[in-house]
file coords_15.cif (mmCIF, C-alpha atoms)
data_upload
#
loop_
_atom_site.label_atom_id
_atom_site.label_comp_id
_atom_site.auth_asym_id
_atom_site.auth_seq_id
_atom_site.Cartn_x
_atom_site.Cartn_y
_atom_site.Cartn_z
CA MET A 1 2.48 22.92 3.90
CA ASN A 2 -1.24 22.34 3.45
CA ASN A 3 -3.49 20.83 6.12
CA PHE A 4 -3.94 17.09 5.75
CA ASP A 5 -5.41 13.94 7.24
CA LEU A 6 -3.31 10.78 6.93
CA ARG A 7 -4.46 7.29 7.86
CA ASN A 8 -3.34 4.02 6.32
CA PRO A 9 -4.70 0.87 7.96
CA THR A 10 -3.03 -1.70 5.66
CA HIS A 11 -0.79 -4.21 7.43
CA ILE A 12 2.35 -4.84 5.35
CA LEU A 13 4.15 -8.19 5.62
CA PHE A 14 7.43 -7.68 3.76
CA GLY A 15 10.19 -10.12 2.89
CA LYS A 16 11.06 -13.66 1.90
CA GLY A 17 8.58 -16.45 2.52
CA ARG A 18 5.80 -14.26 3.86
CA ILE A 19 3.04 -16.12 1.98
CA ALA A 20 3.23 -18.65 4.80
CA ASP A 21 1.89 -15.91 7.09
CA LEU A 22 -1.42 -15.85 5.21
CA SER A 23 -2.75 -18.37 7.67
CA ALA A 24 -2.58 -15.83 10.48
CA GLN A 25 -4.15 -13.01 8.43
CA VAL A 26 -7.27 -14.56 6.89
CA PRO A 27 -10.00 -15.52 9.41
CA GLN A 28 -10.21 -19.27 9.85
CA ASP A 29 -13.94 -19.32 9.20
CA ALA A 30 -13.75 -17.10 6.10
CA LYS A 31 -15.26 -18.16 2.80
CA VAL A 32 -12.54 -16.92 0.48
CA LEU A 33 -12.70 -15.82 -3.15
CA LEU A 34 -9.16 -16.17 -4.55
CA ILE A 35 -8.75 -13.66 -7.40
CA TYR A 36 -5.90 -13.71 -9.90
CA GLY A 37 -5.01 -12.88 -13.48
CA GLY A 38 -3.58 -15.17 -16.14
CA GLY A 39 -1.56 -18.33 -15.90
CA SER A 40 1.68 -16.89 -14.55
CA ALA A 41 0.63 -17.14 -10.91
CA GLU A 42 -0.04 -20.83 -11.45
CA ARG A 43 3.12 -21.51 -13.49
CA THR A 44 5.41 -19.81 -10.96
CA GLY A 45 3.96 -21.72 -8.04
CA VAL A 46 2.60 -18.66 -6.25
CA LEU A 47 -0.97 -19.97 -6.26
CA ALA A 48 0.22 -23.30 -4.92
CA GLN A 49 1.90 -21.50 -2.00
CA VAL A 50 -1.28 -19.50 -1.37
CA ARG A 51 -3.49 -22.60 -1.41
CA THR A 52 -1.18 -24.30 1.05
CA ALA A 53 -1.21 -21.30 3.38
CA LEU A 54 -5.00 -21.08 3.29
CA GLY A 55 -5.22 -24.65 4.53
CA ASP A 56 -8.69 -26.08 4.95
CA ARG A 57 -10.58 -22.81 4.55
CA SER A 58 -13.44 -22.72 2.07
CA VAL A 59 -11.96 -21.29 -1.15
CA VAL A 60 -13.51 -20.45 -4.51
CA GLU A 61 -11.16 -19.38 -7.30
CA PHE A 62 -11.71 -16.68 -9.91
CA GLY A 63 -9.04 -16.16 -12.57
CA GLY A 64 -8.83 -14.18 -15.77
CA ILE A 65 -8.50 -10.59 -14.52
CA GLU A 66 -7.10 -8.60 -17.45
CA PRO A 67 -4.03 -6.28 -17.42
CA ASN A 68 -6.47 -3.37 -17.63
CA PRO A 69 -9.21 -4.91 -15.46
CA ARG A 70 -12.57 -5.02 -17.16
CA TYR A 71 -15.84 -3.97 -15.60
CA ALA A 72 -17.71 -6.94 -17.10
CA THR A 73 -15.17 -9.43 -15.74
CA ALA A 74 -15.37 -7.94 -12.25
CA LEU A 75 -19.16 -8.24 -12.25
CA LYS A 76 -18.83 -11.98 -12.90
CA ALA A 77 -16.87 -12.22 -9.67
CA VAL A 78 -19.58 -10.25 -7.86
CA ASP A 79 -22.13 -12.84 -9.01
CA LEU A 80 -19.87 -15.60 -7.71
CA ILE A 81 -19.73 -13.91 -4.32
CA ALA A 82 -23.51 -13.93 -4.03
CA THR A 83 -23.76 -17.54 -5.19
CA HIS A 84 -21.21 -18.92 -2.73
CA GLY A 85 -21.71 -16.60 0.24
CA ILE A 86 -18.14 -15.30 0.05
CA THR A 87 -17.00 -13.29 3.09
CA TYR A 88 -13.36 -12.50 2.26
CA LEU A 89 -11.39 -11.70 -0.90
CA LEU A 90 -7.74 -12.45 -1.61
CA ALA A 91 -6.00 -10.84 -4.59
CA VAL A 92 -2.89 -12.55 -5.96
CA GLY A 93 -1.17 -10.50 -8.63
CA GLY A 94 -0.18 -6.98 -9.57
CA GLY A 95 -2.05 -3.70 -9.59
CA SER A 96 -4.67 -4.81 -12.09
CA VAL A 97 -5.75 -7.78 -9.98
CA ILE A 98 -5.76 -5.67 -6.81
CA ASP A 99 -7.67 -2.85 -8.52
CA ALA A 100 -10.27 -5.33 -9.75
CA THR A 101 -10.54 -6.81 -6.27
CA LYS A 102 -11.24 -3.38 -4.78
CA PHE A 103 -14.05 -2.82 -7.24
CA ILE A 104 -15.41 -6.33 -6.64
CA ALA A 105 -15.27 -5.77 -2.87
CA ALA A 106 -17.23 -2.53 -3.20
CA ALA A 107 -19.69 -3.78 -5.82
CA ALA A 108 -20.54 -6.86 -3.74
CA LYS A 109 -21.91 -4.55 -1.03
CA PHE A 110 -23.32 -1.87 -3.33
CA LYS A 111 -27.05 -1.22 -3.54
CA GLY A 112 -27.72 0.01 -7.06
CA ASP A 113 -25.90 0.13 -10.38
CA PRO A 114 -22.20 -0.69 -9.79
CA TRP A 115 -21.27 1.74 -12.57
CA ASP A 116 -22.17 4.51 -10.12
CA ILE A 117 -19.11 3.52 -8.08
CA LEU A 118 -16.93 4.75 -10.93
CA THR A 119 -18.95 7.75 -12.06
CA SER A 120 -19.04 9.00 -8.47
CA TRP A 121 -15.25 8.56 -8.16
CA GLY A 122 -16.02 6.25 -5.23
CA SER A 123 -18.05 8.67 -3.12
CA ALA A 124 -21.11 6.40 -3.47
CA VAL A 125 -19.32 3.50 -1.75
CA THR A 126 -20.46 2.97 1.84
CA ALA A 127 -19.09 -0.53 2.50
CA ALA A 128 -16.88 -3.22 0.99
CA LEU A 129 -15.92 -6.81 1.66
CA PRO A 130 -12.60 -7.22 3.49
CA PHE A 131 -9.67 -8.33 1.35
CA GLY A 132 -5.96 -8.97 1.43
CA THR A 133 -3.34 -9.06 -1.30
CA VAL A 134 -0.28 -11.03 -2.33
CA LEU A 135 1.70 -8.69 -4.56
CA THR A 136 3.57 -10.19 -7.53
CA LEU A 137 4.23 -7.06 -9.61
CA PRO A 138 5.36 -3.85 -7.86
CA ALA A 139 4.11 -0.82 -9.77
CA THR A 140 0.82 0.75 -8.81
CA GLY A 141 0.98 0.98 -5.02
CA SER A 142 -2.54 -0.47 -5.00
CA GLU A 143 -1.43 -2.86 -2.26
CA MET A 144 -1.41 -0.01 0.27
CA ASN A 145 -3.97 2.52 -0.92
CA PRO A 146 -7.76 2.81 -1.41
CA ALA A 147 -7.67 3.63 -5.15
CA SER A 148 -8.57 1.59 -8.22
CA VAL A 149 -8.93 2.02 -11.98
CA ILE A 150 -11.43 -0.02 -14.00
CA THR A 151 -11.93 -0.23 -17.78
CA HIS A 152 -15.37 -0.50 -19.38
CA ALA A 153 -14.53 -1.76 -22.85
CA GLU A 154 -18.01 -1.25 -24.31
CA LYS A 155 -18.14 2.36 -23.15
CA GLY A 156 -14.51 3.00 -24.14
CA ALA A 157 -13.90 4.35 -20.62
CA LYS A 158 -11.15 3.83 -18.07
CA LEU A 159 -12.16 5.46 -14.80
CA PRO A 160 -10.61 5.69 -11.33
CA PHE A 161 -12.34 5.54 -7.99
CA MET A 162 -11.22 5.85 -4.39
CA SER A 163 -12.88 4.90 -1.11
CA PRO A 164 -11.65 4.58 2.47
CA HIS A 165 -13.58 1.30 2.55
CA CYS A 166 -11.21 -0.15 -0.06
CA TYR A 167 -7.89 -0.29 1.75
CA PRO A 168 -6.46 -3.83 1.80
CA VAL A 169 -6.58 -5.31 5.30
CA PHE A 170 -3.09 -6.68 4.67
CA SER A 171 -0.61 -7.04 1.83
CA ILE A 172 2.19 -9.55 1.47
CA LEU A 173 5.26 -8.20 -0.34
CA ASP A 174 7.87 -10.86 -1.12
CA PRO A 175 10.52 -9.54 -3.55
CA GLU A 176 11.39 -13.07 -4.64
CA LEU A 177 7.94 -13.38 -6.22
CA THR A 178 9.06 -10.80 -8.81
CA TYR A 179 12.04 -12.81 -10.10
CA THR A 180 10.08 -14.39 -12.92
CA LEU A 181 8.64 -11.14 -14.29
CA PRO A 182 9.50 -10.43 -17.94
CA PRO A 183 11.59 -7.30 -18.64
CA ARG A 184 8.57 -5.45 -20.07
CA GLN A 185 6.67 -5.76 -16.79
CA ILE A 186 9.68 -4.74 -14.72
CA ALA A 187 10.11 -1.64 -16.89
CA ASN A 188 6.42 -0.82 -16.72
CA GLY A 189 6.43 -1.10 -12.94
CA VAL A 190 9.36 1.28 -12.59
CA ALA A 191 7.80 3.80 -14.96
CA ASP A 192 4.41 3.68 -13.27
CA ALA A 193 5.92 4.23 -9.82
CA PHE A 194 8.09 7.06 -11.17
CA VAL A 195 5.09 8.95 -12.52
CA HIS A 196 3.06 8.31 -9.34
CA ILE A 197 5.76 10.19 -7.44
CA ILE A 198 5.95 12.97 -10.02
CA GLU A 199 2.19 13.57 -9.87
CA GLN A 200 2.49 14.37 -6.15
CA TYR A 201 5.76 16.29 -6.39
CA LEU A 202 5.98 18.30 -9.60
CA THR A 203 3.41 21.02 -8.93
CA TYR A 204 4.40 24.17 -6.99
CA PRO A 205 6.26 24.70 -3.72
CA VAL A 206 4.36 24.72 -0.42
CA ASN A 207 7.37 24.40 1.90
CA ALA A 208 6.82 20.68 2.47
CA ALA A 209 10.46 19.75 2.91
CA VAL A 210 9.81 16.26 4.28
CA GLN A 211 7.43 15.22 1.50
CA ASP A 212 9.71 16.68 -1.17
CA GLY A 213 12.71 14.94 0.34
CA PHE A 214 10.96 11.59 0.42
CA ALA A 215 9.77 12.04 -3.18
CA GLU A 216 13.22 12.99 -4.45
CA THR A 217 14.82 10.00 -2.72
CA LEU A 218 12.26 7.63 -4.21
CA LEU A 219 12.80 9.10 -7.70
CA ARG A 220 16.58 8.75 -7.42
CA THR A 221 16.14 5.16 -6.22
CA LEU A 222 14.09 4.28 -9.30
CA ILE A 223 16.57 6.00 -11.63
CA ASP A 224 19.43 4.07 -10.04
CA LEU A 225 17.87 0.64 -9.58
CA GLY A 226 15.40 0.44 -12.48
CA PRO A 227 18.01 -0.33 -15.17
CA LYS A 228 19.89 -2.60 -12.75
CA ALA A 229 16.76 -4.69 -12.26
CA LEU A 230 16.76 -5.38 -16.00
CA GLU A 231 20.45 -6.27 -15.96
CA THR A 232 20.44 -8.46 -12.83
CA PRO A 233 16.90 -9.81 -12.41
CA LEU A 234 17.74 -12.13 -9.49
CA ASP A 235 19.31 -9.51 -7.21
CA TYR A 236 17.17 -9.62 -4.06
CA ASP A 237 18.25 -6.24 -2.68
CA ILE A 238 17.44 -4.46 -5.94
CA ARG A 239 14.02 -6.10 -6.14
CA ALA A 240 13.29 -5.42 -2.48
CA ASN A 241 14.09 -1.72 -2.80
CA LEU A 242 12.07 -1.37 -6.01
CA MET A 243 9.09 -3.15 -4.45
CA TRP A 244 9.10 -0.92 -1.37
CA THR A 245 9.65 2.21 -3.46
CA ALA A 246 6.60 1.42 -5.59
CA THR A 247 4.50 0.96 -2.45
CA LEU A 248 5.72 4.20 -0.84
CA ALA A 249 5.10 6.06 -4.09
CA LEU A 250 1.35 5.86 -3.60
CA ASN A 251 0.45 4.98 -0.02
CA GLY A 252 -0.43 8.55 0.97
CA LEU A 253 2.86 9.50 2.62
CA ILE A 254 4.46 11.76 0.00
CA GLY A 255 1.12 13.24 -1.06
CA ALA A 256 0.11 14.44 2.40
CA GLY A 257 -0.13 18.21 2.65
CA VAL A 258 1.05 18.95 -0.89
CA PRO A 259 -0.77 19.89 -4.12
CA GLN A 260 -1.11 17.06 -6.63
CA ASP A 261 -1.59 16.95 -10.40
CA TRP A 262 -2.82 13.70 -11.93
CA ALA A 263 -3.11 14.98 -15.49
CA SER A 264 -0.56 12.52 -16.87
CA HIS A 265 -2.58 9.62 -15.50
CA MET A 266 -5.96 10.89 -16.68
CA ILE A 267 -4.68 11.49 -20.21
CA GLY A 268 -2.86 8.17 -20.14
CA HIS A 269 -6.05 6.36 -19.13
CA GLU A 270 -7.79 7.66 -22.24
CA ILE A 271 -4.95 6.41 -24.44
CA THR A 272 -5.21 2.95 -22.87
CA ALA A 273 -8.99 2.97 -23.33
CA LEU A 274 -8.44 3.91 -26.98
CA ASN A 275 -6.01 1.18 -28.02
CA ASP A 276 -5.08 -0.84 -24.89
CA THR A 277 -1.51 0.47 -24.70
CA ASP A 278 0.24 -0.53 -21.47
CA HIS A 279 -0.66 2.00 -18.78
CA ALA A 280 2.94 2.78 -17.87
CA ARG A 281 3.86 3.39 -21.49
CA THR A 282 1.09 5.93 -21.93
CA LEU A 283 2.55 7.78 -18.94
CA ALA A 284 6.01 7.80 -20.53
CA VAL A 285 4.47 9.45 -23.58
CA VAL A 286 2.44 12.05 -21.70
CA LEU A 287 4.74 13.08 -18.84
CA PRO A 288 7.68 14.63 -20.75
CA ALA A 289 5.27 16.47 -23.05
CA LEU A 290 3.30 17.84 -20.09
CA MET A 291 6.53 18.93 -18.41
CA GLN A 292 7.30 20.95 -21.52
CA ASP A 293 3.78 22.34 -21.77
CA GLN A 294 3.62 23.29 -18.08
CA ARG A 295 7.16 24.61 -17.73
CA GLY A 296 5.79 28.07 -16.90
CA PRO A 297 3.44 27.34 -13.99
CA LYS A 298 5.70 24.52 -12.74
CA ARG A 299 8.95 26.41 -13.18
CA ALA A 300 10.04 26.42 -9.53
CA LYS A 301 9.46 22.70 -9.02
CA LEU A 302 11.02 21.80 -12.37
CA LEU A 303 14.19 23.62 -11.30
CA GLN A 304 14.09 21.81 -7.95
CA TYR A 305 13.56 18.51 -9.77
CA ALA A 306 16.50 19.23 -12.07
CA ALA A 307 18.82 20.01 -9.15
CA ASN A 308 17.77 17.47 -6.53
CA VAL A 309 16.85 14.48 -8.71
CA TRP A 310 19.16 14.83 -11.72
CA ASN A 311 21.92 16.99 -10.18
CA ILE A 312 21.50 19.54 -12.99
CA ARG A 313 22.71 22.81 -11.49
CA ASP A 314 24.63 24.64 -14.21
CA GLY A 315 23.35 26.86 -17.00
CA SER A 316 20.35 29.14 -17.33
CA GLU A 317 17.02 28.22 -15.77
CA ASP A 318 15.54 27.33 -19.15
CA ALA A 319 18.56 25.20 -20.01
CA ARG A 320 18.26 23.32 -16.72
CA ILE A 321 14.56 22.66 -17.30
CA ASP A 322 15.31 21.46 -20.85
CA ALA A 323 17.98 19.13 -19.49
CA ALA A 324 15.65 17.70 -16.82
CA ILE A 325 12.93 16.96 -19.37
CA THR A 326 15.48 15.33 -21.67
CA ALA A 327 16.85 13.27 -18.78
CA THR A 328 13.33 12.09 -17.93
CA ARG A 329 12.68 10.98 -21.49
CA GLU A 330 16.07 9.26 -21.71
CA PHE A 331 15.39 7.41 -18.45
CA PHE A 332 12.26 5.89 -19.96
CA HIS A 333 14.24 4.97 -23.08
CA LYS A 334 16.88 3.31 -20.88
CA MET A 335 14.10 1.19 -19.43
CA GLY A 336 13.13 0.16 -22.95
CA ILE A 337 10.02 2.37 -23.10
CA GLN A 338 9.34 4.66 -26.04
CA THR A 339 7.92 8.13 -25.45
CA ARG A 340 6.06 9.26 -28.59
CA LEU A 341 2.46 8.68 -29.65
CA GLY A 342 3.71 7.37 -32.97
CA ASP A 343 5.54 4.58 -31.15
CA TYR A 344 2.12 3.19 -30.21
CA ASP A 345 0.37 3.57 -33.58
CA LEU A 346 -1.33 6.82 -32.60
CA GLY A 347 -1.43 9.81 -34.92
CA ALA A 348 -2.60 13.40 -34.90
CA ALA A 349 -6.19 12.37 -35.60
CA ASP A 350 -6.26 10.34 -32.41
CA ILE A 351 -5.53 13.41 -30.26
CA ASP A 352 -9.03 14.77 -30.91
CA ARG A 353 -10.50 11.44 -29.81
CA ILE A 354 -8.47 11.53 -26.60
CA VAL A 355 -9.49 15.12 -25.84
CA THR A 356 -13.15 14.33 -26.57
CA ALA A 357 -13.01 11.42 -24.15
CA LEU A 358 -11.51 13.69 -21.48
CA LYS A 359 -14.35 16.15 -22.04
CA ASN A 360 -16.94 13.38 -21.81
CA HIS A 361 -15.49 12.25 -18.49
CA GLY A 362 -15.32 15.76 -17.05
CA MET A 363 -11.54 15.85 -16.94
CA THR A 364 -10.56 18.86 -19.00
CA ALA A 365 -9.88 20.99 -15.91
CA ILE A 366 -6.98 18.77 -14.91
#

call {"tool": "encode", "arguments": {"input": "coords_15.cif", "output": "structure tokens"}}
result
Amino acid sequence: MNNFDLRNPTHILFGKGRIADLSAQVPQDAKVLLIYGGGSAERTGVLAQVRTALGDRSVVEFGGIEPNPRYATALKAVDLIATHGITYLLAVGGGSVIDATKFIAAAAKFKGDPWDILTSWGSAVTAALPFGTVLTLPATGSEMNPASVITHAEKGAKLPFMSPHCYPVFSILDPELTYTLPPRQIANGVADAFVHIIEQYLTYPVNAAVQDGFAETLLRTLIDLGPKALETPLDYDIRANLMWTATLALNGLIGAGVPQDWASHMIGHEITALNDTDHARTLAVVLPALMQDQRGPKRAKLLQYAANVWNIRDGSEDARIDAAITATREFFHKMGIQTRLGDYDLGAADIDRIVTALKNHGMTAI
């Protein structure tokens, strides 16, 4: 096992009715910027619950965060912070809203061009406004990590950044808030969490039995419960386990002391930047193909994955690896997600554009 540092300061409030606990988490004298996406948070009553919990605090609202949060939109929120003297941010939504809030929190304190936050991968960030989250879509793990991904539409770029200053102070995880999600978003959340785990697991062995065991359990949980969430959308226990799995997939626990490989995500980001395909669906395209391409250097972990996640133990090593890759692809299909570039109106000519973008962003050594 490799050396590692592990610290996660985010306070998780998990379970039914936890929005009511907002009142004890946000300082009474805070000037709050309430950040959310489209109209679903309003239609489902989540925003009404949040407003009630915030009571008589000073609140300014900022809606319209996109599914792939835009740089230009986030900067509008930064201007609002300066205008109203905002001291605290509250994100209500899924990973996109939380990612945007992290960038807004950092940019509001940043001296210089905010684009440098992204081009420096977050190393230029020295401070950020405090913020909390109310999670409505489990997928990205952004509610308990310091990472974010922002899209600059004009530059055709989708770039990640990470900063220890950008951990949420707290996150409220109420599984009942996910009941109204459409099947597409449920499927996307399961796929995104699945690939988050894979990126920290499917590399090469370093004798990290605990991390591998956690990762394999989380993967099996998603394989078991993902399709059931589509079949029985109001099952609390299924939603609770999926929500917590998505959080654990990327809160630092399973990635501590092990090699990681985020190639699927980096390639997927370029596909999204190219034609705005759902992030999770780009991952479902890239991951099985990368498994095939990297079956040599990742042979040992692919065999472990086949045995411990899919219970594939018979046949030659190559046959077991083939079966594991096929099972992975079929799992995505079972979730209603297609796994070929052609399924998303991308052809051979687009591959050169994707590779060029990776080169331009310094990501060809992934």

call {"tool": "resolve_selection", "arguments": {"input": "coords_15.cif", "expression": "the PyMOL selection byres ((chain A and resi 49-61) around 7)", "output": "PyMOL selection string"}}
result
chain A and resi 19-20+22-23+28-35+45-48+62-63

call {"tool": "resolve_selection", "arguments": {"input": "coords_15.cif", "expression": "the PyMOL selection byres ((chain A and resi 127-133) around 8)", "output": "list in words"}}
result
Val26, Thr87, Tyr88, Leu89, Leu90, Ala91, Val92, Gly93, Ile98, Thr101, Ala105, Ala106, Ala107, Ala108, Lys109, Phe110, Val125, Thr126, Val134, Leu135, Glu143, His165, Cys166, Pro168, Val169, Phe170, Ser171 and Ile172 of chain A

call {"tool": "resolve_selection", "arguments": {"input": "coords_15.cif", "expression": "the PyMOL selection byres ((chain A and resi 237) around 12)", "output": "list in words"}}
result
Gly15, Lys16, Asp174, Pro175, Glu176, Thr178, Tyr179, Leu225, Lys228, Ala229, Thr232, Pro233, Leu234, Asp235, Tyr236, Ile238, Arg239, Ala240, Asn241, Leu242, Met243 and Trp244 of chain A

call {"tool": "closest_residue", "arguments": {"input": "coords_15.cif", "among": "A:Tyr204, A:Ala139, A:Gly156, A:Pro183", "to": "Pro297 of chain A", "atoms": "only C-alpha atoms"}}
result
A:Tyr204

call {"tool": "closest_residue", "arguments": {"input": "coords_15.cif", "among": "A:Gly296, A:Pro160, A:Gly257, A:Gly347", "to": "Asp318 of chain A", "atoms": "only C-alpha atoms"}}
result
A:Gly296

call {"tool": "atom_distance", "arguments": {"input": "coords_15.cif", "atom1": "atom CA of Asn311 of chain A", "atom2": "atom CA of Thr326 of chain A"}}
result
13.3 Å

call {"tool": "closest_residue", "arguments": {"input": "coords_15.cif", "among": "A:Thr217, A:Ala157, A:Ile86, A:Gly37", "to": "Gly64 of chain A", "atoms": "all atoms listed in the file"}}
result
A:Gly37

call {"tool": "residues_near_point", "arguments": {"input": "coords_15.cif", "point": "(18.1, 17.0, -10.8)", "cutoff": "12 Å", "atoms": "only C-alpha atoms", "output": "number ranges by chain"}}
result
A: 216-217, 219-220, 223, 301-314, 320-328

call {"tool": "closest_residue", "arguments": {"input": "coords_15.cif", "among": "A:Gly268, A:Gly336, A:Gly94, A:Gly226", "to": "Thr140 of chain A", "atoms": "all atoms listed in the file"}}
result
A:Gly94

call {"tool": "closest_residue", "arguments": {"input": "coords_15.cif", "among": "A:Phe103, A:Tyr344, A:Phe194, A:Phe161", "to": "Lys76 of chain A", "atoms": "all atoms listed in the file"}}
result
A:Phe103

call {"tool": "closest_residue", "arguments": {"input": "coords_15.cif", "among": "A:Arg299, A:Arg329, A:Lys334, A:His269", "to": "Ala284 of chain A", "atoms": "all atoms listed in the file"}}
result
A:Arg329

call {"tool": "residues_around", "arguments": {"input": "coords_15.cif", "residues": "Val286 of chain A", "least_positions_apart": "2", "cutoff": "10 Å", "atoms": "only C-alpha atoms", "output": "ChimeraX atom specification"}}
result
/A:263-268,271,281-284,288-291,339-341

call {"tool": "atom_distance", "arguments": {"input": "coords_15.cif", "atom1": "atom CA of Trp115 of chain A", "atom2": "atom CA of Leu75 of chain A"}}
result
10.2 Å

call {"tool": "axis_aligned_box", "arguments": {"input": "coords_15.cif", "around": "segment 116-123 of chain A", "padding_each_side": "5 Å", "output": "AutoDock Vina command-line options"}}
result
--center_x -18.7 --center_y 6.3 --center_z -7.6 --size_x 16.9 --size_y 15.5 --size_z 18.9

call {"tool": "atom_distance", "arguments": {"input": "coords_15.cif", "atom1": "atom CA of Val258 of chain A", "atom2": "atom CA of Leu202 of chain A"}}
result
10.0 Å

call {"tool": "residues_near_point", "arguments": {"input": "coords_15.cif", "point": "(-18.6, 9.3, -10.8)", "cutoff": "12 Å", "atoms": "only C-alpha atoms", "output": "ChimeraX atom specification"}}
result
/A:113-125,157-162,360-363

call {"tool": "write_last_selection", "arguments": {"input": "coords_15.cif", "atoms": "C-alpha atoms", "output": "mmCIF file, keeping the file's coordinate frame"}}
result
data_model
loop_
_atom_site.group_PDB
_atom_site.id
_atom_site.type_symbol
_atom_site.label_atom_id
_atom_site.label_comp_id
_atom_site.auth_asym_id
_atom_site.auth_seq_id
_atom_site.Cartn_x
_atom_site.Cartn_y
_atom_site.Cartn_z
ATOM 1 C CA ASP A 113 -25.900 0.130 -10.380
ATOM 2 C CA PRO A 114 -22.200 -0.690 -9.790
ATOM 3 C CA TRP A 115 -21.270 1.740 -12.570
ATOM 4 C CA ASP A 116 -22.170 4.510 -10.120
ATOM 5 C CA ILE A 117 -19.110 3.520 -8.080
ATOM 6 C CA LEU A 118 -16.930 4.750 -10.930
ATOM 7 C CA THR A 119 -18.950 7.750 -12.060
ATOM 8 C CA SER A 120 -19.040 9.000 -8.470
ATOM 9 C CA TRP A 121 -15.250 8.560 -8.160
ATOM 10 C CA GLY A 122 -16.020 6.250 -5.230
ATOM 11 C CA SER A 123 -18.050 8.670 -3.120
ATOM 12 C CA ALA A 124 -21.110 6.400 -3.470
ATOM 13 C CA VAL A 125 -19.320 3.500 -1.750
ATOM 14 C CA ALA A 157 -13.900 4.350 -20.620
ATOM 15 C CA LYS A 158 -11.150 3.830 -18.070
ATOM 16 C CA LEU A 159 -12.160 5.460 -14.800
ATOM 17 C CA PRO A 160 -10.610 5.690 -11.330
ATOM 18 C CA PHE A 161 -12.340 5.540 -7.990
ATOM 19 C CA MET A 162 -11.220 5.850 -4.390
ATOM 20 C CA ASN A 360 -16.940 13.380 -21.810
ATOM 21 C CA HIS A 361 -15.490 12.250 -18.490
ATOM 22 C CA GLY A 362 -15.320 15.760 -17.050
ATOM 23 C CA MET A 363 -11.540 15.850 -16.940
#

call {"tool": "residues_around", "arguments": {"input": "coords_15.cif", "residues": "Thr180 of chain A", "least_positions_apart": "5", "cutoff": "10 Å", "atoms": "all atoms listed in the file", "output": "PDB file with C-alpha atoms, in the frame of the given file"}}
result
ATOM      1  CA  SER A  40       1.680 -16.890 -14.550  1.00  0.00           C
ATOM      2  CA  ARG A  43       3.120 -21.510 -13.490  1.00  0.00           C
ATOM      3  CA  THR A  44       5.410 -19.810 -10.960  1.00  0.00           C
ATOM      4  CA  THR A 136       3.570 -10.190  -7.530  1.00  0.00           C
ATOM      5  CA  LEU A 137       4.230  -7.060  -9.610  1.00  0.00           C
ATOM      6  CA  ILE A 186       9.680  -4.740 -14.720  1.00  0.00           C
ATOM      7  CA  PRO A 233      16.900  -9.810 -12.410  1.00  0.00           C
ATOM      8  CA  LEU A 234      17.740 -12.130  -9.490  1.00  0.00           C
TER       9      LEU A 234
END
